[in-house]
$ cat input.txt   # compact mmCIF, C-alpha atoms
# COMPACT_ATOMS: atom_id res chain seq x y z
CA MET D 648 -4.02 13.89 39.78
CA LYS D 649 -0.98 13.40 37.61
CA VAL D 650 0.26 16.48 35.75
CA GLU D 651 2.83 16.32 32.97
CA GLU D 652 6.11 18.17 33.45
CA GLU D 653 5.48 20.39 30.43
CA THR D 654 2.17 21.48 31.95
CA TRP D 655 3.92 22.40 35.20
CA GLN D 656 6.45 24.45 33.27
CA VAL D 657 3.78 26.34 31.36
CA LEU D 658 1.85 26.89 34.58
CA GLU D 659 4.97 28.28 36.24
CA LEU D 660 5.64 30.58 33.28
CA LEU D 661 2.08 31.90 33.30
CA ALA D 662 2.14 32.36 37.07
CA GLN D 663 5.34 34.40 36.88
CA ARG D 664 3.89 36.55 34.12
CA GLN D 665 0.75 37.21 36.18
CA ALA D 666 2.65 37.67 39.47
CA ALA D 667 0.68 34.80 40.95
CA SER D 668 1.46 31.48 42.53
CA ARG D 669 1.14 28.26 40.56
CA ALA D 670 -1.87 27.37 42.69
CA GLU D 671 -3.57 30.69 41.92
CA MET D 672 -2.80 30.31 38.22
CA ALA D 673 -4.13 26.75 38.21
CA GLN D 674 -7.33 27.96 39.91
CA ARG D 675 -7.80 30.73 37.32
CA LEU D 676 -7.26 28.32 34.44
CA LEU D 677 -9.61 25.76 35.96
CA GLN D 678 -12.30 28.40 36.42
CA GLU D 679 -11.87 29.62 32.84
CA GLY D 680 -11.96 26.07 31.49
CA THR D 681 -15.07 25.29 33.51
CA ARG D 682 -16.76 28.48 32.30
CA ARG D 683 -15.92 27.63 28.70
CA ALA D 684 -17.10 24.02 29.10
CA ARG D 685 -20.44 25.18 30.55
CA LEU D 686 -20.94 27.52 27.59
CA GLU D 687 -20.12 24.78 25.10
CA TYR D 688 -22.40 22.28 26.83
CA ALA D 689 -25.28 24.76 26.99
CA ALA D 690 -24.80 25.78 23.35
CA GLU D 691 -24.83 22.18 22.18
CA SER D 692 -27.93 21.45 24.28
CA TYR D 693 -29.62 24.46 22.68
CA ARG D 694 -28.53 23.39 19.18
CA GLN D 695 -29.96 19.91 19.79
CA GLN D 696 -33.23 21.54 20.93
CA GLU D 697 -32.92 19.97 24.37
CA VAL D 698 -33.25 23.33 26.16
CA THR D 699 -34.68 26.77 25.55
CA LEU D 700 -32.47 29.82 25.16
CA GLU D 701 -33.30 30.83 28.73
CA ARG D 702 -32.35 27.43 30.12
CA ALA D 703 -29.14 27.36 28.06
CA ALA D 704 -28.16 30.72 29.57
CA GLU D 705 -28.90 29.40 33.08
CA VAL D 706 -26.81 26.27 32.49
CA ALA D 707 -23.95 28.37 31.13
CA GLY D 708 -24.21 30.84 34.02
CA VAL D 709 -24.56 33.84 31.71
CA SER D 710 -27.27 36.30 30.74
CA ILE D 711 -29.58 35.55 27.84
CA TYR D 712 -27.87 38.36 25.92
CA ASP D 713 -24.45 36.80 26.47
CA MET D 714 -25.78 33.39 25.48
CA MET D 715 -27.26 34.82 22.31
CA ALA D 716 -23.94 36.47 21.47
CA TYR D 717 -22.05 33.22 22.09
CA LEU D 718 -24.46 31.22 19.94
CA ARG D 719 -24.14 33.77 17.15
CA GLN D 720 -20.33 33.70 17.46
CA GLN D 721 -20.39 29.90 17.19
CA GLY D 722 -22.72 29.99 14.20
CA ILE D 723 -25.47 28.19 16.11
CA SER D 724 -28.95 29.16 15.17
CA ARG D 725 -32.16 27.37 15.62
CA PRO D 726 -35.55 28.34 14.34
CA SER D 727 -37.55 29.19 17.41
CA HIS D 728 -41.18 28.59 17.94
CA ILE D 729 -43.13 31.69 18.87
CA GLU D 730 -44.13 30.18 22.23
CA GLU D 731 -40.50 29.48 23.13
CA MET D 732 -39.58 33.05 22.21
CA ARG D 733 -42.40 34.41 24.33
CA ALA D 734 -41.34 32.28 27.29
CA ASP D 735 -37.72 33.44 26.98
CA VAL D 736 -38.69 37.10 26.68
CA ALA D 737 -41.12 36.79 29.60
CA ALA D 738 -38.42 35.21 31.78
CA MET D 739 -36.02 37.97 30.85
CA LEU D 740 -38.58 40.64 31.73
CA ILE D 741 -39.39 39.01 35.07
CA ARG D 742 -35.69 38.86 36.00
CA SER D 743 -35.32 42.53 35.13
CA GLY D 744 -38.23 43.46 37.37
CA ARG D 745 -40.80 43.99 34.62
CA SER D 746 -43.28 41.24 35.47
CA ASP D 747 -46.11 43.61 34.51
CA ILE D 748 -45.00 43.46 30.88
CA ALA D 749 -44.27 39.73 31.10
CA GLU D 750 -47.87 39.10 32.15
CA ARG D 751 -49.11 40.82 28.99
CA LEU D 752 -47.13 38.36 26.89
CA ALA D 753 -49.15 35.50 28.37
CA ASP D 754 -52.40 37.08 27.19
$ encode --input "input.txt" --output "structure tokens"
Amino acid sequence: MKVEEETWQVLELLAQRQAASRAEMAQRLLQEGTRRARLEYAAESYRQQEVTLERAAEVAGVSIYDMMAYLRQQGISRPSHIEEMRADVAAMLIRSGRSDIAERLAD
């Protein structure tokens, strides 16, 4: 992969500031960029109604609460159908160990 000289210089500057090697700094930046890209992809998929809120959170690798906060921060809202909301809440309850309550939602 070809990297521009200016990018190397910035990477070196950041690495020095963080007391890290260029390789460590590059890894951190790559991880952060990947995390951000996953969030953006999941948010756009949610906005386009291609996925539920729960699935968007899974794709982004965050909790439903964090996904909701990110969507709100980005100004993305979507009118939800009651069944989608029930499914998202039920999934959240199951993950938190409250499948007994989740089962009541299905009734």
$ residues_around --input "input.txt" --residues "Tyr688 (chain D)" --least-positions-apart "3" --cutoff "9 Å" --atoms "all atoms listed in the file" --output "ChimeraX atom specification"
/D:683-685,691-693,703,706-707
$ write_last_selection --input "input.txt" --atoms "C-alpha atoms" --output "short mmCIF file (atom, residue, chain, number, x, y, z; two decimals), keeping the file's coordinate frame"
data_model
loop_
_atom_site.label_atom_id
_atom_site.label_comp_id
_atom_site.auth_asym_id
_atom_site.auth_seq_id
_atom_site.Cartn_x
_atom_site.Cartn_y
_atom_site.Cartn_z
CA ARG D 683 -15.92 27.63 28.70
CA ALA D 684 -17.10 24.02 29.10
CA ARG D 685 -20.44 25.18 30.55
CA GLU D 691 -24.83 22.18 22.18
CA SER D 692 -27.93 21.45 24.28
CA TYR D 693 -29.62 24.46 22.68
CA ALA D 703 -29.14 27.36 28.06
CA VAL D 706 -26.81 26.27 32.49
CA ALA D 707 -23.95 28.37 31.13
#
$ residues_around --input "input.txt" --residues "Ser710 (chain D)" --least-positions-apart "5" --cutoff "9 Å" --atoms "all atoms listed in the file" --output "list of chain:residue names"
D:Glu701, D:Ala704, D:Glu705, D:Met715, D:Met739
$ atom_distance --input "input.txt" --atom1 "CA of Arg745 (chain D)" --atom2 "CA of Ala689 (chain D)"
25.9 Å
$ atom_distance --input "input.txt" --atom1 "CA of Thr654 (chain D)" --atom2 "CA of Ala673 (chain D)"
10.3 Å
$ residues_near_point --input "input.txt" --point "(-48.5, 37.6, 29.5)" --cutoff "12 Å" --atoms "only C-alpha atoms" --output "PyMOL selection string"
chain D and resi 730+733-738+740-741+745-754
$ axis_aligned_box --input "input.txt" --around "region 707-713 of chain D" --padding-each-side "8 Å" --output "AutoDock Vina command-line options"
--center_x -26.8 --center_y 33.4 --center_z 30.0 --size_x 21.6 --size_y 26.0 --size_z 24.1
$ atom_distance --input "input.txt" --atom1 "CA of Arg694 (chain D)" --atom2 "CA of Gly722 (chain D)"
10.1 Å
$ closest_residue --input "input.txt" --among "D:Thr681, D:Met732, D:Gln696, D:Leu686" --to "Gln720 (chain D)" --atoms "only C-alpha atoms"
D:Leu686
$ closest_residue --input "input.txt" --among "D:Val698, D:Val650, D:Leu718, D:Leu676" --to "Ala662 (chain D)" --atoms "only C-alpha atoms"
D:Leu676
